[in-house]
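J.: Provided herewith: my_file_32.pdb, PDB, C-alpha atoms.
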ATOM      1  CA  MET A   1       0.000   0.000   0.000
ATOM      2  CA  LYS A   2       1.181   3.489  -0.835
ATOM      3  CA  LEU A   3       0.212   5.631   2.120
ATOM      4  CA  ALA A   4       0.462   9.383   2.553
ATOM      5  CA  VAL A   5       0.134  10.695   6.093
ATOM      6  CA  PHE A   6      -0.641  14.337   6.751
ATOM      7  CA  VAL A   7       1.049  15.456   9.956
ATOM      8  CA  SER A   8      -0.574  18.618  11.276
ATOM      9  CA  ASP A   9       0.907  18.757  14.769
ATOM     10  CA  PHE A  10       4.422  19.141  16.123
ATOM     11  CA  LYS A  11       4.463  17.135  19.324
ATOM     12  CA  SER A  12       1.835  14.455  19.568
ATOM     13  CA  THR A  13       2.162  12.448  16.373
ATOM     14  CA  VAL A  14       5.607  10.862  16.377
ATOM     15  CA  ASP A  15       4.637   7.795  18.405
ATOM     16  CA  THR A  16       1.709   7.051  16.121
ATOM     17  CA  LEU A  17       3.851   7.445  13.052
ATOM     18  CA  GLU A  18       6.430   5.043  14.402
ATOM     19  CA  ARG A  19       3.801   2.308  14.330
ATOM     20  CA  LEU A  20       2.835   2.964  10.714
ATOM     21  CA  THR A  21       4.362   0.958   7.911
ATOM     22  CA  ALA A  22       3.613   0.930   4.221
ATOM     23  CA  GLU A  23       5.112  -0.290   0.978
ATOM     24  CA  LYS A  24       5.624   3.370   0.180
ATOM     25  CA  LEU A  25       5.185   5.947   2.908
ATOM     26  CA  GLY A  26       4.888   9.670   2.350
ATOM     27  CA  ILE A  27       4.713  12.147   5.206
ATOM     28  CA  ILE A  28       3.271  15.525   4.303
ATOM     29  CA  LEU A  29       3.937  18.175   6.941
ATOM     30  CA  VAL A  30       1.174  20.771   7.133
ATOM     31  CA  GLU A  31      -0.116  23.333   9.641
ATOM     32  CA  ASN A  32       1.982  23.108  12.846
ATOM     33  CA  GLY A  33       3.478  19.903  11.512
ATOM     34  CA  VAL A  34       5.803  22.048   9.393
ATOM     35  CA  PHE A  35       7.913  22.656  12.512
ATOM     36  CA  HIS A  36       9.219  19.104  12.138
ATOM     37  CA  ALA A  37      10.942  20.240   8.946
ATOM     38  CA  VAL A  38      12.812  23.183  10.437
ATOM     39  CA  ILE A  39      13.121  23.014  14.219
ATOM     40  CA  LYS A  40      16.257  21.580  15.784
ATOM     41  CA  GLU A  41      16.459  20.526  19.414
ATOM     42  CA  LYS A  42      19.990  20.232  20.794
ATOM     43  CA  GLY A  43      21.252  20.422  17.244
ATOM     44  CA  ALA A  44      19.160  17.543  15.981
ATOM     45  CA  HIS A  45      16.197  17.578  13.639
ATOM     46  CA  SER A  46      12.891  16.065  14.699
ATOM     47  CA  SER A  47      13.106  12.318  15.280
ATOM     48  CA  LEU A  48      10.219  11.979  12.849
ATOM     49  CA  LEU A  49      12.596  12.759  10.001
ATOM     50  CA  LYS A  50      14.619   9.614  10.810
ATOM     51  CA  LYS A  51      11.746   7.425   9.641
ATOM     52  CA  SER A  52      12.063   5.671   6.296
ATOM     53  CA  ALA A  53       9.687   7.788   4.254
ATOM     54  CA  ASN A  54       9.413  10.481   1.660
ATOM     55  CA  PHE A  55       8.962  13.827   3.414
ATOM     56  CA  TYR A  56       7.183  16.881   2.108
ATOM     57  CA  VAL A  57       6.394  20.227   3.730
ATOM     58  CA  LEU A  58       3.745  22.689   2.612
ATOM     59  CA  SER A  59       5.353  25.997   1.614
ATOM     60  CA  GLU A  60       2.257  28.069   2.408
ATOM     61  CA  ASP A  61       2.244  26.830   5.997
ATOM     62  CA  LEU A  62       5.963  27.544   6.366
ATOM     63  CA  ALA A  63       5.416  31.086   5.134
ATOM     64  CA  THR A  64       2.414  31.612   7.420
ATOM     65  CA  ARG A  65       4.710  30.890  10.381
ATOM     66  CA  GLY A  66       7.545  33.088   9.144
ATOM     67  CA  LEU A  67       9.724  30.069   8.396
ATOM     68  CA  SER A  68      12.148  30.043   5.491
ATOM     69  CA  ASN A  69      12.496  27.274   2.931
ATOM     70  CA  LEU A  70      16.245  27.661   3.457
ATOM     71  CA  ASN A  71      15.962  26.143   6.930
ATOM     72  CA  VAL A  72      14.135  23.016   5.820
ATOM     73  CA  ALA A  73      15.977  19.740   6.454
ATOM     74  CA  ASN A  74      17.712  18.236   3.437
ATOM     75  CA  ASN A  75      15.486  15.174   3.255
ATOM     76  CA  VAL A  76      12.269  17.205   3.125
ATOM     77  CA  LYS A  77      10.886  18.469  -0.179
ATOM     78  CA  VAL A  78       9.064  21.799  -0.154
ATOM     79  CA  VAL A  79       5.730  21.546  -1.971
ATOM     80  CA  ASN A  80       2.711  23.753  -2.604
ATOM     81  CA  TYR A  81      -1.005  22.890  -2.751
ATOM     82  CA  ASN A  82      -0.731  21.977  -6.428
ATOM     83  CA  ASP A  83       1.996  19.515  -5.620
ATOM     84  CA  VAL A  84      -0.029  18.052  -2.754
ATOM     85  CA  VAL A  85      -2.958  17.361  -5.075
ATOM     86  CA  ASP A  86      -0.595  15.627  -7.505
ATOM     87  CA  LEU A  87       0.902  13.566  -4.696
ATOM     88  CA  ILE A  88      -2.582  12.508  -3.608
ATOM     89  CA  PHE A  89      -3.656  11.336  -7.034
ATOM     90  CA  ASN A  90      -0.378  10.194  -8.593
ATOM     91  CA  ASP A  91       1.914   8.941  -5.860
ATOM     92  CA  TYR A  92      -0.201   7.540  -3.031
ATOM     93  CA  GLU A  93      -3.300   5.352  -2.816
ATOM     94  CA  LYS A  94      -4.453   5.921   0.761
ATOM     95  CA  LEU A  95      -4.472   9.022   2.943
ATOM     96  CA  ALA A  96      -4.363   9.484   6.695
ATOM     97  CA  TRP A  97      -4.484  12.560   8.907
ATOM     98  CA  LEU A  98      -2.632  12.965  12.174
TER      99      LEU A  98
ATOM    100  CA  MET B   1      -8.885  13.173 -13.371
ATOM    101  CA  GLY B   2      -9.992  11.682 -10.096
ATOM    102  CA  THR B   3     -12.444  12.155  -7.288
ATOM    103  CA  LEU B   4     -11.386  13.304  -3.840
ATOM    104  CA  THR B   5     -13.742  13.159  -0.884
ATOM    105  CA  ILE B   6     -12.824  15.077   2.252
ATOM    106  CA  GLY B   7     -14.559  14.513   5.559
ATOM    107  CA  ILE B   8     -13.932  17.177   8.145
ATOM    108  CA  PHE B   9     -14.899  17.471  11.797
ATOM    109  CA  SER B  10     -13.042  20.661  12.733
ATOM    110  CA  SER B  11     -14.832  23.876  13.571
ATOM    111  CA  VAL B  12     -14.992  26.779  11.184
ATOM    112  CA  ILE B  13     -13.658  30.052  12.577
ATOM    113  CA  GLY B  14      -9.877  30.212  12.800
ATOM    114  CA  SER B  15      -9.479  26.490  12.260
ATOM    115  CA  MET B  16      -6.272  25.431  10.545
ATOM    116  CA  ASN B  17      -7.807  22.108   9.541
ATOM    117  CA  PHE B  18     -10.868  23.748   8.053
ATOM    118  CA  ASP B  19      -8.766  26.228   6.074
ATOM    119  CA  PHE B  20      -6.520  23.442   4.834
ATOM    120  CA  ALA B  21      -9.492  21.380   3.664
ATOM    121  CA  LEU B  22     -10.973  24.264   1.706
ATOM    122  CA  LYS B  23      -7.658  25.269   0.118
ATOM    123  CA  LEU B  24      -6.925  21.672  -0.854
ATOM    124  CA  SER B  25     -10.428  21.370  -2.323
ATOM    125  CA  GLU B  26     -10.029  24.561  -4.318
ATOM    126  CA  THR B  27      -6.666  23.453  -5.692
ATOM    127  CA  ALA B  28      -7.968  20.008  -6.617
ATOM    128  CA  VAL B  29     -11.055  21.318  -8.388
ATOM    129  CA  ASN B  30      -8.984  23.936 -10.218
ATOM    130  CA  LYS B  31      -6.818  21.099 -11.515
ATOM    131  CA  GLY B  32      -9.910  19.364 -12.903
ATOM    132  CA  HIS B  33     -10.617  16.858 -10.171
ATOM    133  CA  LYS B  34     -14.041  16.175  -8.674
ATOM    134  CA  VAL B  35     -14.266  17.061  -4.977
ATOM    135  CA  ASN B  36     -16.843  16.149  -2.338
ATOM    136  CA  ILE B  37     -16.851  17.626   1.171
ATOM    137  CA  TRP B  38     -18.622  16.104   4.144
ATOM    138  CA  PHE B  39     -19.161  18.144   7.313
ATOM    139  CA  SER B  40     -19.681  16.425  10.614
ATOM    140  CA  GLY B  41     -19.387  17.474  14.252
ATOM    141  CA  ASN B  42     -18.420  21.102  14.808
ATOM    142  CA  SER B  43     -17.607  21.666  11.151
ATOM    143  CA  THR B  44     -21.342  21.734  10.465
ATOM    144  CA  CYS B  45     -21.386  25.274  11.847
ATOM    145  CA  ALA B  46     -19.796  26.236   8.517
ATOM    146  CA  VAL B  47     -23.096  25.900   6.704
ATOM    147  CA  LYS B  48     -24.653  28.869   8.516
ATOM    148  CA  SER B  49     -25.341  31.753   6.154
ATOM    149  CA  ASN B  50     -24.605  35.408   6.888
ATOM    150  CA  GLN B  51     -21.282  34.743   8.594
ATOM    151  CA  LYS B  52     -19.451  37.909   9.525
ATOM    152  CA  HIS B  53     -16.169  38.060   7.653
ATOM    153  CA  MET B  54     -13.573  39.488   9.988
ATOM    154  CA  LYS B  55     -10.255  40.862   8.833
ATOM    155  CA  ASP B  56      -7.977  38.600  10.805
ATOM    156  CA  TYR B  57      -9.958  35.357  10.875
ATOM    157  CA  SER B  58     -10.759  33.009   8.072
ATOM    158  CA  THR B  59     -14.402  32.110   7.710
ATOM    159  CA  GLY B  60     -16.219  29.534   5.688
ATOM    160  CA  GLU B  61     -19.011  31.167   3.780
ATOM    161  CA  LYS B  62     -17.166  32.929   0.951
ATOM    162  CA  PRO B  63     -14.828  30.064   0.077
ATOM    163  CA  LEU B  64     -17.659  27.547   0.398
ATOM    164  CA  LYS B  65     -19.830  29.481  -2.022
ATOM    165  CA  ALA B  66     -16.907  29.694  -4.430
ATOM    166  CA  LEU B  67     -16.405  25.939  -4.208
ATOM    167  CA  LEU B  68     -20.114  25.280  -4.769
ATOM    168  CA  GLU B  69     -19.994  27.442  -7.895
ATOM    169  CA  LYS B  70     -17.120  25.319  -9.169
ATOM    170  CA  GLY B  71     -19.145  22.145  -8.789
ATOM    171  CA  VAL B  72     -17.841  20.885  -5.467
ATOM    172  CA  GLU B  73     -20.517  18.891  -3.664
ATOM    173  CA  VAL B  74     -20.813  19.923  -0.030
ATOM    174  CA  CYS B  75     -22.990  18.050   2.420
ATOM    175  CA  THR B  76     -23.570  18.557   6.107
ATOM    176  CA  CYS B  77     -24.615  15.983   8.662
ATOM    177  CA  GLU B  78     -28.197  16.930   9.346
ATOM    178  CA  ALA B  79     -28.235  15.611  12.908
ATOM    179  CA  CYS B  80     -24.988  17.394  13.845
ATOM    180  CA  THR B  81     -26.195  20.631  12.281
ATOM    181  CA  LEU B  82     -29.591  20.620  13.943
ATOM    182  CA  ALA B  83     -27.932  19.746  17.256
ATOM    183  CA  ARG B  84     -26.043  23.025  16.978
ATOM    184  CA  GLY B  85     -29.227  25.007  16.473
ATOM    185  CA  ILE B  86     -28.836  25.634  12.768
ATOM    186  CA  GLN B  87     -31.943  25.113  10.671
ATOM    187  CA  LYS B  88     -32.109  24.389   6.953
ATOM    188  CA  THR B  89     -33.587  27.831   6.426
ATOM    189  CA  ASP B  90     -30.353  29.314   7.874
ATOM    190  CA  SER B  91     -28.104  27.316   5.558
ATOM    191  CA  ILE B  92     -25.932  28.534   2.704
ATOM    192  CA  GLU B  93     -27.794  27.792  -0.522
ATOM    193  CA  GLY B  94     -26.493  24.781  -2.390
ATOM    194  CA  ILE B  95     -25.197  22.863   0.579
ATOM    195  CA  GLN B  96     -26.821  19.456   0.880
ATOM    196  CA  TRP B  97     -28.231  18.106   4.144
ATOM    197  CA  ASN B  98     -28.085  14.387   4.647
ATOM    198  CA  ALA B  99     -26.909  11.562   6.883
ATOM    199  CA  MET B 100     -23.766   9.446   7.124
ATOM    200  CA  HIS B 101     -24.836   7.273   4.208
ATOM    201  CA  TRP B 102     -24.140  10.238   1.875
ATOM    202  CA  TYR B 103     -20.524  10.256   3.064
ATOM    203  CA  LEU B 104     -20.189   6.488   2.841
ATOM    204  CA  ALA B 105     -21.566   6.489  -0.712
ATOM    205  CA  LYS B 106     -19.081   9.181  -1.748
ATOM    206  CA  ILE B 107     -16.221   7.260  -0.130
ATOM    207  CA  HIS B 108     -17.269   4.163  -2.046
ATOM    208  CA  THR B 109     -17.096   5.969  -5.402
ATOM    209  CA  SER B 110     -14.019   8.123  -4.754
ATOM    210  CA  ASP B 111     -10.440   7.572  -5.833
ATOM    211  CA  ARG B 112      -9.044   9.211  -2.714
ATOM    212  CA  VAL B 113     -10.492   9.940   0.737
ATOM    213  CA  LEU B 114      -9.084  12.246   3.394
ATOM    214  CA  GLN B 115     -10.701  12.181   6.815
ATOM    215  CA  ILE B 116      -9.682  15.170   8.927
ATOM    216  CA  GLY B 117     -10.553  14.919  12.589
ATOM    217  CA  GLY B 118     -11.454  17.652  15.025
ATOM    218  CA  GLU B 119      -8.913  19.877  16.766
TER     219      GLU B 119
END
Can the structure in the file be given as structure tokens, please?
T.:
Amino acid sequence: MKLAVFVSDFKSTVDTLERLTAEKLGIILVENGVFHAVIKEKGAHSSLLKKSANFYVLSEDLATRGLSNLNVANNVKVVNYNDVVDLIFNDYEKLAWL
Amino acid sequence: MGTLTIGIFSSVIGSMNFDFALKLSETAVNKGHKVNIWFSGNSTCAVKSNQKHMKDYSTGEKPLKALLEKGVEVCTCEACTLARGIQKTDSIEGIQWNAMHWYLAKIHTSDRVLQIGGE
């Protein structure tokens, strides 16, 4: 199964995500979930980004929070709403929201 | 082109989830996809007409009307809506009122489904 998970929160979703597996897993960071893509604690990126998955972050939600694309972790692709729609229909079969 | 059905439970005013759902719907329909939206729980408050549009808060009425004009089907859970004191006569024109079977039928015929819970 090709599963895309929307992560909309910064703190309370990592444990749930750790239990998710899929043939192909995409994690789309939106709303306050975008902090996973940029915030470092003690020099380290969010532990979520260590998971074996394709990571995406919504540019509009970065901008809303005053966050720069330049600070996004290397393994996270910056996408816009158009890209998200294409991911939904072309790259993943099932969707989940956390 | 495909069909995307979004179920949303989040409330309307100042809700990040609600805003996300509407923006995603608008983008999908602009790209030629069919979109269905199901309101349940507190999101049903979005169907109330004559919402005051404040400068610093997003509201649902204008974007919902725009989506309806573009062919997006929007349906509210009748029981949830009535439970919040909103009558059909208060509703934005074009929004359907129905029960969970509407949502289940749309899920059954959709290519993609996104269920967004409450905040």
J.: How would you write, as a PyMOL selection string, the residues chosen by the PyMOL selection byres ((chain B and resi 47) around 12) on this structure?
T.: chain B and resi 11-13+37-46+48-51+59-65+68+74-78+80-82+84-97
J.: Distance cut-off 6 Å, counting only C-alpha atoms - which residues of chain A neighbour chain B? Return them as an NGL selection string.
T.: :A and (85 or 95 or 97)
J.: Go through A:Phe55, A:Phe89, A:Phe10, A:Phe35 and flag the residue nearest Asn75 (chain A), using only C-alpha atoms for the distances.
T.: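 Under the stated criterion, the closest residue is A:Phe55.
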J.: Do you have the CA of Lys40 (chain A)-CA of Ser8 (chain A) distance handy?
T.: 17.7 Å
J.: State, in Å with one decimal place, the distance from CA of Leu17 (chain A) to CA of Asn74 (chain A).
T.: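 Result for CA of Leu17 (chain A) versus CA of Asn74 (chain A): 20.0 Å, one decimal.
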J.: Work out how far apart CA of Arg19 (chain A) and CA of Glu60 (chain A) are and give it in Å to one decimal.
T.: 28.4 Å
J.: Which residues match the PyMOL selection byres ((chain A and resi 79-84) around 6) in the file above, as a ChimeraX atom specification?
T.: /A:57-59,78,85-87
J.: Residues within 8 Å of Val5 (chain A), please, as a list of chain:residue names. Count only C-alpha atoms; anything in the same chain fewer than 6 positions from it doesn't count.
T.: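 Near Val5 (chain A), the qualifying residues are A:Leu25, A:Gly26, A:Ile27, A:Ile28, A:Leu95, A:Ala96, A:Trp97, A:Leu98.
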J.: Around all the atoms of region 7-23 of chain B listed in the file, with 4 Å of room on each side, what axis-aligned box do you get, giving centre and edge lengths in Å to one decimal, as JSON?
T.:
{"center_x": -10.6, "center_y": 22.4, "center_z": 6.8, "size_x": 16.7, "size_y": 23.7, "size_z": 21.5}
J.: Give me region 12-31 of chain A with N, CA and C atoms filled in, as a PDB file, keeping the file's coordinate frame.
T.:
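Listed below is the output, result.pdb:
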ATOM      1  N   SER A  12       2.573  15.637  19.116  1.00  0.00           N
ATOM      2  CA  SER A  12       1.835  14.455  19.568  1.00  0.00           C
ATOM      3  C   SER A  12       1.689  13.353  18.524  1.00  0.00           C
ATOM      4  N   THR A  13       2.429  13.405  17.442  1.00  0.00           N
ATOM      5  CA  THR A  13       2.162  12.448  16.373  1.00  0.00           C
ATOM      6  C   THR A  13       3.292  11.457  16.134  1.00  0.00           C
ATOM      7  N   VAL A  14       4.452  11.695  16.717  1.00  0.00           N
ATOM      8  CA  VAL A  14       5.607  10.862  16.377  1.00  0.00           C
ATOM      9  C   VAL A  14       5.384   9.408  16.770  1.00  0.00           C
ATOM     10  N   ASP A  15       4.859   9.170  17.955  1.00  0.00           N
ATOM     11  CA  ASP A  15       4.637   7.795  18.405  1.00  0.00           C
ATOM     12  C   ASP A  15       3.701   7.037  17.466  1.00  0.00           C
ATOM     13  N   THR A  16       2.650   7.686  17.048  1.00  0.00           N
ATOM     14  CA  THR A  16       1.709   7.051  16.121  1.00  0.00           C
ATOM     15  C   THR A  16       2.394   6.727  14.805  1.00  0.00           C
ATOM     16  N   LEU A  17       3.164   7.663  14.325  1.00  0.00           N
ATOM     17  CA  LEU A  17       3.851   7.445  13.052  1.00  0.00           C
ATOM     18  C   LEU A  17       4.829   6.281  13.130  1.00  0.00           C
ATOM     19  N   GLU A  18       5.455   6.121  14.276  1.00  0.00           N
ATOM     20  CA  GLU A  18       6.430   5.043  14.402  1.00  0.00           C
ATOM     21  C   GLU A  18       5.787   3.675  14.231  1.00  0.00           C
ATOM     22  N   ARG A  19       4.496   3.593  14.466  1.00  0.00           N
ATOM     23  CA  ARG A  19       3.801   2.308  14.330  1.00  0.00           C
ATOM     24  C   ARG A  19       3.259   2.076  12.928  1.00  0.00           C
ATOM     25  N   LEU A  20       3.370   3.093  12.066  1.00  0.00           N
ATOM     26  CA  LEU A  20       2.835   2.964  10.714  1.00  0.00           C
ATOM     27  C   LEU A  20       3.892   2.411   9.768  1.00  0.00           C
ATOM     28  N   THR A  21       3.484   1.446   8.965  1.00  0.00           N
ATOM     29  CA  THR A  21       4.362   0.958   7.911  1.00  0.00           C
ATOM     30  C   THR A  21       3.573   0.896   6.612  1.00  0.00           C
ATOM     31  N   ALA A  22       4.263   1.011   5.528  1.00  0.00           N
ATOM     32  CA  ALA A  22       3.613   0.930   4.221  1.00  0.00           C
ATOM     33  C   ALA A  22       4.658   0.578   3.191  1.00  0.00           C
ATOM     34  N   GLU A  23       4.209   0.020   2.096  1.00  0.00           N
ATOM     35  CA  GLU A  23       5.112  -0.290   0.978  1.00  0.00           C
ATOM     36  C   GLU A  23       5.827   0.984   0.535  1.00  0.00           C
ATOM     37  N   LYS A  24       5.064   2.044   0.446  1.00  0.00           N
ATOM     38  CA  LYS A  24       5.624   3.370   0.180  1.00  0.00           C
ATOM     39  C   LYS A  24       4.942   4.348   1.125  1.00  0.00           C
ATOM     40  N   LEU A  25       5.745   5.030   1.916  1.00  0.00           N
ATOM     41  CA  LEU A  25       5.185   5.947   2.908  1.00  0.00           C
ATOM     42  C   LEU A  25       5.601   7.379   2.596  1.00  0.00           C
ATOM     43  N   GLY A  26       4.623   8.243   2.509  1.00  0.00           N
ATOM     44  CA  GLY A  26       4.888   9.670   2.350  1.00  0.00           C
ATOM     45  C   GLY A  26       4.375  10.412   3.566  1.00  0.00           C
ATOM     46  N   ILE A  27       5.151  11.340   4.067  1.00  0.00           N
ATOM     47  CA  ILE A  27       4.713  12.147   5.206  1.00  0.00           C
ATOM     48  C   ILE A  27       4.676  13.601   4.751  1.00  0.00           C
ATOM     49  N   ILE A  28       3.478  14.155   4.780  1.00  0.00           N
ATOM     50  CA  ILE A  28       3.271  15.525   4.303  1.00  0.00           C
ATOM     51  C   ILE A  28       3.054  16.420   5.523  1.00  0.00           C
ATOM     52  N   LEU A  29       3.985  17.302   5.762  1.00  0.00           N
ATOM     53  CA  LEU A  29       3.937  18.175   6.941  1.00  0.00           C
ATOM     54  C   LEU A  29       3.136  19.429   6.611  1.00  0.00           C
ATOM     55  N   VAL A  30       2.054  19.618   7.350  1.00  0.00           N
ATOM     56  CA  VAL A  30       1.174  20.771   7.133  1.00  0.00           C
ATOM     57  C   VAL A  30       0.856  21.413   8.486  1.00  0.00           C
ATOM     58  N   GLU A  31       0.258  22.603   8.418  1.00  0.00           N
ATOM     59  CA  GLU A  31      -0.116  23.333   9.641  1.00  0.00           C
ATOM     60  C   GLU A  31       1.075  23.350  10.602  1.00  0.00           C
TER      61      GLU A  31
END
